[in-house]
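Below is final18.txt, holding compact mmCIF, C-alpha atoms.
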# COMPACT_ATOMS: atom_id res chain seq x y z
CA MET A 1 0.00 0.00 0.00
CA LYS A 2 1.24 3.47 -0.84
CA ASN A 3 2.00 5.88 2.00
CA LYS A 4 -0.27 8.88 2.59
CA ILE A 5 1.84 11.98 2.06
CA ILE A 6 1.03 15.69 2.09
CA THR A 7 3.10 17.64 -0.45
CA ILE A 8 3.07 21.41 -0.06
CA SER A 9 4.13 23.80 -2.82
CA ARG A 10 4.06 27.41 -1.75
CA GLU A 11 4.72 30.96 -2.70
CA PHE A 12 7.58 32.52 -0.78
CA GLY A 13 6.28 34.31 2.32
CA SER A 14 2.86 32.61 2.25
CA GLY A 15 3.48 30.60 5.42
CA GLY A 16 3.55 27.29 3.56
CA ARG A 17 6.43 25.99 5.67
CA THR A 18 4.70 26.94 8.91
CA ILE A 19 1.47 25.31 7.72
CA GLY A 20 3.40 22.16 6.78
CA LYS A 21 5.13 21.98 10.15
CA GLU A 22 1.96 22.60 12.19
CA THR A 23 -0.08 20.14 10.16
CA ALA A 24 2.62 17.51 10.60
CA ALA A 25 2.82 18.18 14.34
CA ARG A 26 -0.94 17.80 14.78
CA LEU A 27 -1.03 14.63 12.70
CA ASP A 28 2.08 13.31 14.41
CA LEU A 29 3.97 12.96 11.14
CA PRO A 30 7.53 13.89 10.22
CA CYS A 31 7.88 17.08 8.15
CA TYR A 32 10.72 17.46 5.64
CA ASP A 33 11.90 20.84 4.43
CA ARG A 34 15.23 22.27 5.60
CA GLU A 35 16.07 18.74 6.76
CA LEU A 36 15.77 17.68 3.16
CA LEU A 37 18.23 20.37 2.09
CA GLN A 38 20.68 19.28 4.74
CA ASP A 39 20.58 15.71 3.49
CA ILE A 40 21.06 16.78 -0.11
CA ALA A 41 23.89 19.06 0.93
CA LYS A 42 25.59 16.27 2.87
CA GLU A 43 25.37 13.86 -0.02
CA SER A 44 26.37 16.35 -2.73
CA GLY A 45 29.21 18.07 -0.95
CA PHE A 46 27.65 21.45 -1.78
CA ALA A 47 26.93 23.97 0.96
CA GLU A 48 23.34 24.04 2.19
CA ASP A 49 22.88 27.65 1.06
CA TYR A 50 24.04 26.75 -2.41
CA VAL A 51 21.63 23.83 -2.65
CA SER A 52 18.83 26.08 -1.46
CA GLU A 53 19.55 28.62 -4.18
CA ALA A 54 20.16 26.06 -6.93
CA GLY A 55 16.80 24.51 -6.08
CA GLU A 56 15.21 27.64 -7.43
CA TYR A 57 17.12 28.07 -10.67
CA ALA A 58 16.10 26.27 -13.80
CA PRO A 59 19.14 25.05 -15.75
CA GLY A 60 20.63 27.52 -18.20
CA GLY A 61 21.17 30.30 -15.70
CA PHE A 62 24.48 31.66 -14.47
CA LEU A 63 24.82 29.35 -11.48
CA SER A 64 24.30 26.20 -13.44
CA SER A 65 26.65 26.92 -16.32
CA ALA A 66 29.50 28.67 -14.50
CA PHE A 67 30.10 26.14 -11.74
CA SER A 68 29.54 22.67 -13.08
CA HIS A 69 30.07 19.81 -10.67
CA PRO A 70 32.91 17.67 -12.03
CA GLY A 71 30.86 14.48 -12.03
CA ALA A 72 27.66 16.08 -13.09
CA ASN A 73 25.99 15.83 -16.43
CA PRO A 74 25.10 18.29 -17.76
CA ASN A 75 25.09 20.77 -14.86
CA ASN A 76 24.74 21.29 -11.12
CA ALA A 77 21.00 21.94 -11.15
CA ASP A 78 20.38 18.64 -12.90
CA TYR A 79 22.76 16.83 -10.57
CA LEU A 80 20.95 18.24 -7.53
CA TRP A 81 17.60 17.39 -9.10
CA GLN A 82 18.66 13.74 -9.37
CA LEU A 83 19.73 13.67 -5.72
CA GLN A 84 16.51 15.32 -4.66
CA TYR A 85 14.46 12.88 -6.73
CA LYS A 86 16.21 9.90 -5.12
CA LEU A 87 15.94 11.30 -1.62
CA ILE A 88 12.24 12.21 -1.85
CA THR A 89 11.42 8.81 -3.34
CA HIS A 90 13.30 7.18 -0.44
CA LEU A 91 11.51 9.28 2.19
CA ALA A 92 8.11 8.45 0.70
CA GLN A 93 8.87 4.74 1.07
CA GLN A 94 9.64 5.10 4.79
CA GLY A 95 6.11 6.14 5.84
CA PRO A 96 3.48 8.90 5.91
CA CYS A 97 4.93 12.41 6.13
CA VAL A 98 4.64 16.04 5.04
CA ILE A 99 7.09 17.35 2.43
CA VAL A 100 7.38 21.08 1.77
CA GLY A 101 8.62 22.25 -1.64
CA ARG A 102 11.15 20.53 -3.92
CA CYS A 103 8.55 19.40 -6.48
CA ALA A 104 7.63 16.46 -4.27
CA ASP A 105 4.11 16.44 -5.75
CA TYR A 106 5.55 15.68 -9.17
CA ILE A 107 8.23 13.26 -8.01
CA LEU A 108 5.74 11.19 -6.00
CA HIS A 109 2.73 11.30 -8.29
CA ASP A 110 2.93 7.56 -8.98
CA LYS A 111 4.82 6.52 -5.85
CA ALA A 112 2.60 7.64 -2.97
CA ASP A 113 -0.98 8.48 -2.06
CA CYS A 114 -0.42 12.25 -2.15
CA LEU A 115 -2.56 15.12 -0.97
CA ARG A 116 -1.19 17.83 -3.27
CA VAL A 117 -1.45 21.30 -1.74
CA PHE A 118 -0.50 24.77 -2.97
CA ILE A 119 -0.34 27.68 -0.49
CA HIS A 120 -0.38 31.27 -1.72
CA ALA A 121 -1.26 34.76 -0.51
CA ASP A 122 -1.38 38.23 -1.96
CA MET A 123 1.64 40.48 -2.15
CA ASP A 124 0.82 42.65 0.89
CA PHE A 125 0.41 39.69 3.23
CA ARG A 126 3.63 38.10 2.04
CA ALA A 127 5.65 41.31 2.11
CA LYS A 128 4.67 41.93 5.74
CA ARG A 129 5.33 38.33 6.62
CA ILE A 130 8.84 38.08 5.19
CA VAL A 131 9.81 41.24 7.07
CA GLN A 132 8.30 39.88 10.33
CA VAL A 133 9.39 36.26 10.08
CA TYR A 134 12.65 36.43 8.16
CA GLY A 135 13.61 39.96 9.17
CA GLN A 136 14.13 40.95 5.53
CA ARG A 137 15.83 44.30 5.28
CA ASP A 138 15.22 44.93 1.59
CA ALA A 139 14.03 48.32 0.51
CA SER A 140 11.44 46.45 -1.57
CA PRO A 141 10.27 43.09 -0.21
CA GLU A 142 7.74 43.06 -3.08
CA GLN A 143 10.56 42.99 -5.63
CA ARG A 144 12.20 40.11 -3.79
CA LEU A 145 8.88 38.23 -3.76
CA ARG A 146 8.32 38.73 -7.47
CA ASP A 147 11.83 37.49 -8.16
CA LYS A 148 11.35 34.40 -5.95
CA ASP A 149 7.97 33.64 -7.53
CA LYS A 150 9.46 33.78 -11.00
CA ARG A 151 12.33 31.48 -10.09
CA ARG A 152 10.15 28.91 -8.39
CA ALA A 153 7.70 28.89 -11.29
CA ALA A 154 10.50 28.51 -13.85
CA TYR A 155 12.20 25.74 -11.85
CA HIS A 156 8.95 23.86 -11.37
CA ARG A 157 8.03 24.24 -15.02
CA PHE A 158 11.44 23.07 -16.23
CA TYR A 159 11.52 19.87 -14.19
CA THR A 160 7.87 18.92 -14.09
CA ASP A 161 6.39 20.50 -17.22
CA MET A 162 3.44 21.50 -15.04
CA LYS A 163 2.22 25.01 -14.42
CA TRP A 164 3.02 26.16 -10.91
CA GLY A 165 -0.01 27.54 -9.09
CA HIS A 166 -2.47 26.16 -11.64
CA ALA A 167 -5.42 24.82 -9.60
CA GLN A 168 -5.78 21.71 -11.73
CA ASN A 169 -2.39 20.41 -10.58
CA TYR A 170 -3.44 20.18 -6.94
CA ASP A 171 -6.06 18.58 -4.69
CA LEU A 172 -6.48 21.88 -2.97
CA THR A 173 -5.00 25.35 -3.04
CA LEU A 174 -5.39 27.69 -0.09
CA ASN A 175 -4.95 31.44 0.28
CA SER A 176 -3.27 31.73 3.66
CA GLY A 177 -3.65 35.51 3.60
CA THR A 178 -7.45 35.50 3.47
CA LEU A 179 -8.13 32.17 5.23
CA GLY A 180 -5.43 32.47 7.91
CA ILE A 181 -2.65 30.03 8.77
CA ASP A 182 -4.76 28.22 11.40
CA ALA A 183 -7.65 27.58 9.01
CA CYS A 184 -5.22 26.12 6.46
CA VAL A 185 -3.80 23.74 9.07
CA ARG A 186 -7.31 22.76 10.18
CA ILE A 187 -8.46 22.05 6.61
CA LEU A 188 -5.39 19.92 5.83
CA CYS A 189 -5.77 17.88 9.04
CA ASP A 190 -9.46 17.35 8.26
CA VAL A 191 -8.87 16.24 4.68
CA TYR A 192 -5.86 14.05 5.51
CA GLY A 193 -7.73 12.39 8.36
CA LYS A 194 -10.61 11.46 6.06
CA LYS A 195 -8.39 10.43 3.13
CA MET B 196 -21.23 45.93 6.53
CA LYS B 197 -20.70 43.85 3.42
CA ASN B 198 -22.57 40.57 3.08
CA LYS B 199 -20.67 37.28 3.33
CA ILE B 200 -21.05 35.54 0.01
CA ILE B 201 -19.63 32.31 -1.40
CA THR B 202 -18.87 32.55 -5.12
CA ILE B 203 -18.22 29.27 -6.91
CA SER B 204 -16.52 29.04 -10.27
CA ARG B 205 -16.34 25.52 -11.60
CA GLU B 206 -15.31 23.26 -14.40
CA PHE B 207 -18.22 21.68 -16.21
CA GLY B 208 -19.00 18.28 -14.68
CA SER B 209 -16.98 18.89 -11.50
CA GLY B 210 -20.05 18.98 -9.25
CA GLY B 211 -19.61 22.69 -8.49
CA ARG B 212 -23.36 23.32 -8.68
CA THR B 213 -24.15 20.42 -6.36
CA ILE B 214 -21.48 21.60 -3.92
CA GLY B 215 -22.93 25.13 -4.03
CA LYS B 216 -26.45 23.90 -3.40
CA GLU B 217 -25.50 21.56 -0.54
CA THR B 218 -23.28 24.15 1.11
CA ALA B 219 -26.09 26.72 0.89
CA ALA B 220 -28.59 24.24 2.31
CA ARG B 221 -26.37 23.40 5.29
CA LEU B 222 -25.66 27.08 5.97
CA ASP B 223 -29.29 27.99 5.42
CA LEU B 224 -28.46 30.45 2.65
CA PRO B 225 -30.09 31.02 -0.72
CA CYS B 226 -28.17 29.61 -3.70
CA TYR B 227 -28.35 31.30 -7.10
CA ASP B 228 -27.54 29.49 -10.30
CA ARG B 229 -30.32 28.50 -12.71
CA GLU B 230 -32.52 30.97 -10.83
CA LEU B 231 -30.11 33.66 -11.90
CA LEU B 232 -30.45 32.61 -15.51
CA GLN B 233 -34.21 32.69 -15.28
CA ASP B 234 -34.15 36.25 -13.97
CA ILE B 235 -31.78 37.39 -16.69
CA ALA B 236 -33.91 35.66 -19.29
CA LYS B 237 -37.06 37.31 -17.99
CA GLU B 238 -35.52 40.75 -18.03
CA SER B 239 -33.78 40.40 -21.40
CA GLY B 240 -36.55 38.74 -23.32
CA PHE B 241 -34.13 36.04 -24.47
CA ALA B 242 -34.92 32.38 -23.92
CA GLU B 243 -33.23 30.80 -20.91
CA ASP B 244 -31.29 28.35 -23.07
CA TYR B 245 -29.95 31.18 -25.18
CA VAL B 246 -28.78 33.11 -22.10
CA SER B 247 -27.13 29.99 -20.78
CA GLU B 248 -25.18 29.54 -24.02
CA ALA B 249 -24.33 33.22 -24.47
CA GLY B 250 -22.93 33.25 -20.94
CA GLU B 251 -20.18 31.01 -22.20
CA TYR B 252 -19.19 32.80 -25.37
CA ALA B 253 -16.80 35.70 -25.30
CA PRO B 254 -17.91 38.45 -27.72
CA GLY B 255 -16.72 38.13 -31.28
CA GLY B 256 -18.12 34.66 -31.89
CA PHE B 257 -20.91 33.67 -34.22
CA LEU B 258 -23.73 34.02 -31.70
CA SER B 259 -22.80 37.51 -30.67
CA SER B 260 -22.35 39.02 -34.11
CA ALA B 261 -25.11 37.31 -36.04
CA PHE B 262 -27.99 38.01 -33.68
CA SER B 263 -27.54 41.43 -32.17
CA HIS B 264 -30.24 42.57 -29.76
CA PRO B 265 -31.83 45.72 -31.21
CA GLY B 266 -31.16 47.81 -28.10
CA ALA B 267 -27.79 46.33 -27.35
CA ASN B 268 -24.42 47.94 -27.83
CA PRO B 269 -22.29 46.47 -29.19
CA ASN B 270 -23.66 42.89 -29.04
CA ASN B 271 -25.80 40.43 -27.17
CA ALA B 272 -23.02 39.03 -25.01
CA ASP B 273 -22.18 42.49 -23.72
CA TYR B 274 -25.85 43.27 -23.19
CA LEU B 275 -26.32 40.11 -21.15
CA TRP B 276 -23.14 40.82 -19.24
CA GLN B 277 -24.53 44.17 -18.16
CA LEU B 278 -27.80 42.58 -16.98
CA GLN B 279 -25.89 39.90 -15.13
CA TYR B 280 -23.63 42.49 -13.52
CA LYS B 281 -26.63 44.48 -12.28
CA LEU B 282 -28.49 41.43 -11.07
CA ILE B 283 -25.56 39.91 -9.15
CA THR B 284 -24.78 43.27 -7.56
CA HIS B 285 -28.43 43.51 -6.51
CA LEU B 286 -28.49 39.98 -5.06
CA ALA B 287 -25.31 40.64 -3.07
CA GLN B 288 -26.97 43.64 -1.43
CA GLN B 289 -29.93 41.56 -0.24
CA GLY B 290 -27.98 39.32 2.12
CA PRO B 291 -25.53 36.41 2.47
CA CYS B 292 -25.86 33.78 -0.26
CA VAL B 293 -24.05 31.32 -2.52
CA ILE B 294 -23.66 32.22 -6.22
CA VAL B 295 -22.54 29.60 -8.73
CA GLY B 296 -20.81 30.75 -11.91
CA ARG B 297 -21.42 33.96 -13.88
CA CYS B 298 -18.14 35.63 -12.84
CA ALA B 299 -19.71 36.63 -9.51
CA ASP B 300 -16.27 36.59 -7.87
CA TYR B 301 -15.12 39.34 -10.18
CA ILE B 302 -18.34 41.36 -10.13
CA LEU B 303 -18.47 41.38 -6.32
CA HIS B 304 -14.79 41.77 -5.51
CA ASP B 305 -15.35 45.25 -4.01
CA LYS B 306 -19.04 44.87 -3.15
CA ALA B 307 -19.20 41.91 -0.78
CA ASP B 308 -17.12 39.88 1.67
CA CYS B 309 -16.57 37.00 -0.74
CA LEU B 310 -15.20 33.53 -0.22
CA ARG B 311 -13.94 32.87 -3.75
CA VAL B 312 -13.98 29.17 -4.63
CA PHE B 313 -12.98 27.20 -7.73
CA ILE B 314 -14.08 23.56 -8.11
CA HIS B 315 -12.36 21.29 -10.61
CA ALA B 316 -11.75 17.61 -11.25
CA ASP B 317 -9.86 15.51 -13.71
CA MET B 318 -11.28 14.51 -17.06
CA ASP B 319 -12.26 10.94 -16.10
CA PHE B 320 -14.27 12.00 -13.08
CA ARG B 321 -16.08 14.71 -15.03
CA ALA B 322 -16.75 12.54 -18.06
CA LYS B 323 -18.38 9.88 -15.88
CA ARG B 324 -20.31 12.52 -13.96
CA ILE B 325 -21.84 14.28 -16.95
CA VAL B 326 -23.04 10.98 -18.33
CA GLN B 327 -24.54 10.00 -14.93
CA VAL B 328 -25.99 13.35 -13.89
CA TYR B 329 -26.89 15.00 -17.17
CA GLY B 330 -27.39 11.85 -19.17
CA GLN B 331 -25.02 13.05 -21.91
CA ARG B 332 -25.25 10.88 -24.98
CA ASP B 333 -22.19 12.17 -26.77
CA ALA B 334 -19.80 9.69 -28.30
CA SER B 335 -17.07 11.69 -26.60
CA PRO B 336 -17.97 13.41 -23.33
CA GLU B 337 -14.27 14.34 -23.06
CA GLN B 338 -14.52 16.43 -26.23
CA ARG B 339 -17.57 18.20 -24.88
CA LEU B 340 -15.77 18.92 -21.61
CA ARG B 341 -12.73 20.34 -23.39
CA ASP B 342 -15.01 22.55 -25.45
CA LYS B 343 -16.91 23.79 -22.36
CA ASP B 344 -13.64 24.44 -20.48
CA LYS B 345 -12.30 26.51 -23.35
CA ARG B 346 -15.46 28.60 -23.61
CA ARG B 347 -15.70 29.27 -19.90
CA ALA B 348 -12.05 30.23 -19.71
CA ALA B 349 -12.34 32.57 -22.71
CA TYR B 350 -15.52 34.17 -21.39
CA HIS B 351 -14.04 34.67 -17.95
CA ARG B 352 -10.83 36.07 -19.39
CA PHE B 353 -12.67 38.48 -21.69
CA TYR B 354 -14.87 40.03 -19.02
CA THR B 355 -12.61 39.86 -15.98
CA ASP B 356 -9.08 39.88 -17.41
CA MET B 357 -8.30 37.20 -14.83
CA LYS B 358 -7.03 33.73 -15.54
CA TRP B 359 -9.71 31.13 -14.90
CA GLY B 360 -8.50 28.33 -12.65
CA HIS B 361 -5.39 30.21 -11.55
CA ALA B 362 -5.06 29.51 -7.79
CA GLN B 363 -4.09 33.09 -6.98
CA ASN B 364 -7.53 34.35 -8.02
CA TYR B 365 -9.34 32.34 -5.32
CA ASP B 366 -9.43 31.85 -1.57
CA LEU B 367 -9.52 28.14 -2.14
CA THR B 368 -9.66 25.70 -5.03
CA LEU B 369 -10.85 22.14 -4.49
CA ASN B 370 -10.50 19.01 -6.58
CA SER B 371 -13.91 17.40 -6.16
CA GLY B 372 -12.70 14.26 -7.93
CA THR B 373 -9.98 13.42 -5.41
CA LEU B 374 -11.49 15.03 -2.29
CA GLY B 375 -15.10 14.03 -2.93
CA ILE B 376 -18.21 16.21 -3.09
CA ASP B 377 -18.95 15.79 0.65
CA ALA B 378 -15.48 16.90 1.73
CA CYS B 379 -15.78 20.01 -0.45
CA VAL B 380 -19.11 20.91 1.18
CA ARG B 381 -17.66 20.29 4.65
CA ILE B 382 -14.60 22.49 3.99
CA LEU B 383 -16.72 25.36 2.63
CA CYS B 384 -19.11 25.23 5.60
CA ASP B 385 -16.17 25.19 8.00
CA VAL B 386 -14.39 28.15 6.36
CA TYR B 387 -17.57 30.20 5.90
CA GLY B 388 -18.61 29.62 9.51
CA LYS B 389 -15.27 30.89 10.79
CA LYS B 390 -15.05 33.82 8.34

Let me see the structure of the file written as structure tokens.
Amino acid sequence: MKNKIITISREFGSGGRTIGKETAARLDLPCYDRELLQDIAKESGFAEDYVSEAGEYAPGGFLSSAFSHPGANPNNADYLWQLQYKLITHLAQQGPCVIVGRCADYILHDKADCLRVFIHADMDFRAKRIVQVYGQRDASPEQRLRDKDKRRAAYHRFYTDMKWGHAQNYDLTLNSGTLGIDACVRILCDVYGKK
Amino acid sequence: MKNKIITISREFGSGGRTIGKETAARLDLPCYDRELLQDIAKESGFAEDYVSEAGEYAPGGFLSSAFSHPGANPNNADYLWQLQYKLITHLAQQGPCVIVGRCADYILHDKADCLRVFIHADMDFRAKRIVQVYGQRDASPEQRLRDKDKRRAAYHRFYTDMKWGHAQNYDLTLNSGTLGIDACVRILCDVYGKK
């Protein structure tokens, strides 16, 4: 039997990570996010920060072409993608869990019983949140958000050929700005429990 | 104070109408859908079936150019749009309710406290459902669904300049095929009650 897994894609600053962690805590499941990065970093020999950034660049950009991993073919982003693919597949075989980001919805579509979630919020909500939560000091958090959105969408599109944020790709999409973080957690626990 | 209104956009065959009606019944609210069409038809002098069809064609198509309403400017679709706009605005002023389809989310974005919902499901689920519920006799229900999807998306895009089915345009989007009709109703009642 396939494991029941919640995969959360999210816009930067929407609280997707927090929602993932709280949902996992209430359901008594492990939640993988930064932990996932650390494992990839350990296995790849790259620094965690580098893996985090590369995970948002579709191949063809500066990072991927200028610093190719010696054993990689054809570039770092693809090399990291393969590691990520292997690792997420492995995690999904271990048991039910919550996985935030990293295209887990796509990687696991035929390997687990996934509840595919997308969390988003409008620009104002996210701009306030990244300043509060991450202590961003940018003159324009909105510009940073637009840049992050573009990168995540391009990365997702490149590796999955699916449109990021397109309702049809998910079981449910939630606006954390209008619904609130708590309501999102409550809905996910309800749906997962009945799945 | 603005009225709390649930607006439901939906893919044809996804059960969006049923979800709207059941949610309204449980929350003891009126639900407008076919009733809305009947009112528009009465006021416009067009037959209900014609209004139903025209509500899915963006202007410029055969229907709109070939049969212009004498008093309309520049065409029937625009004339019906204006009636629909007026009628939905009027309904929203009367009290809390559920409105299915007809771009109500867009029309009411600054006039009501809307919970904006999009219901969708994959092709298989919808194809089976339209045969069961509507008794479709088409050789290819899938072709009919694709056609309906295209029309609704084009109509919505023309009048609202918003992408139909794009998660960011809604408070929540639900896959009725994977979640089930009952779960969708339960989630909407929960969120509306806490709003």

Using all atoms listed in the file, collect all residues at a distance of at most 6 Å from (-23.3, 30.7, -4.4) as written in the file, then present them as a PyMOL selection string. chain B and resi 201-203+215+226-227+292-295

Within 8 Å of chain A, which residues of chain B come that close, and what is the closest atom pair and distance in Å for each? Count only C-alpha atoms and give it as CSV.
residue,atom,partner,partner_atom,distance
B:His315,CA,A:Gln168,CA,6.7
B:Ala316,CA,A:Gln168,CA,7.3
B:Asp317,CA,A:Gln168,CA,7.7
B:Gly360,CA,A:Ala167,CA,5.6
B:His361,CA,A:His166,CA,5.0
B:Ala362,CA,A:Ala167,CA,5.0
B:Gln363,CA,A:His120,CA,6.7
B:Tyr365,CA,A:Asn175,CA,7.2
B:Asp366,CA,A:Asn175,CA,4.9
B:Leu367,CA,A:Leu174,CA,4.6
B:Thr368,CA,A:Thr173,CA,5.1
B:Leu369,CA,A:Leu172,CA,4.6
B:Asn370,CA,A:Asp171,CA,4.8
B:Thr373,CA,A:Asp171,CA,6.5
B:Leu374,CA,A:Asp171,CA,6.9
B:Ala378,CA,A:Val191,CA,7.3
B:Ile382,CA,A:Ile187,CA,6.7
B:Val386,CA,A:Ala183,CA,7.3
B:Lys390,CA,A:Leu179,CA,7.8

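You will find atom CA of Gln338 of chain B at 12.8 Å from atom CA of Lys323 of chain B.
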
Do you have the atom CA of Lys306 of chain B-atom CA of Gln279 of chain B distance handy? 14.7 Å

Select, counting all atoms listed in the file, all protein, DNA and RNA residues no farther than 6 Å from (-18.6, 14.5, -12.6) in file coordinates, and express the selection as a ChimeraX atom specification. /B:208-210,320-321,323-325

How far is it from atom CA of Phe12 of chain A to atom CA of Arg152 of chain A, in Å with one decimal?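 Taking atom CA of Phe12 of chain A and atom CA of Arg152 of chain A, their separation equals 8.8 Å.
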
Emit as AutoDock Vina command-line options the padded axis-aligned box for all listed atoms of segment 164-175 of chain A, 3 Å per side, with centre and edge lengths in Å to one decimal.
--center_x -1.7 --center_y 25.0 --center_z -5.7 --size_x 15.5 --size_y 18.9 --size_z 18.0

For Leu83 of chain A, list every protein, DNA or RNA residue within 10 Å, evaluated using all atoms listed in the file, and leave out those in the same chain fewer than 2 positions away; present the list as number ranges by chain. A: 39-41, 43-44, 77-81, 85-89

Looking at all atoms listed in the file, which of B:Glu206, B:Cys309, B:Ala287, B:Lys199 is the one that sits closest to Asp342 of chain B?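 So, comparing all the options, the nearest one is B:Glu206.
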
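Counting only C-alpha atoms, the residue from A:Asp33, A:Ala112, A:Met1, A:Lys150 that sits nearest to Gly16 of chain A is A:Asp33.
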
Close residues, Met123 of chain A itself excluded, 8 Å, all atoms listed in the file, min 3 positions apart in chain, as a ChimeraX atom specification: /A:126-127,142,145
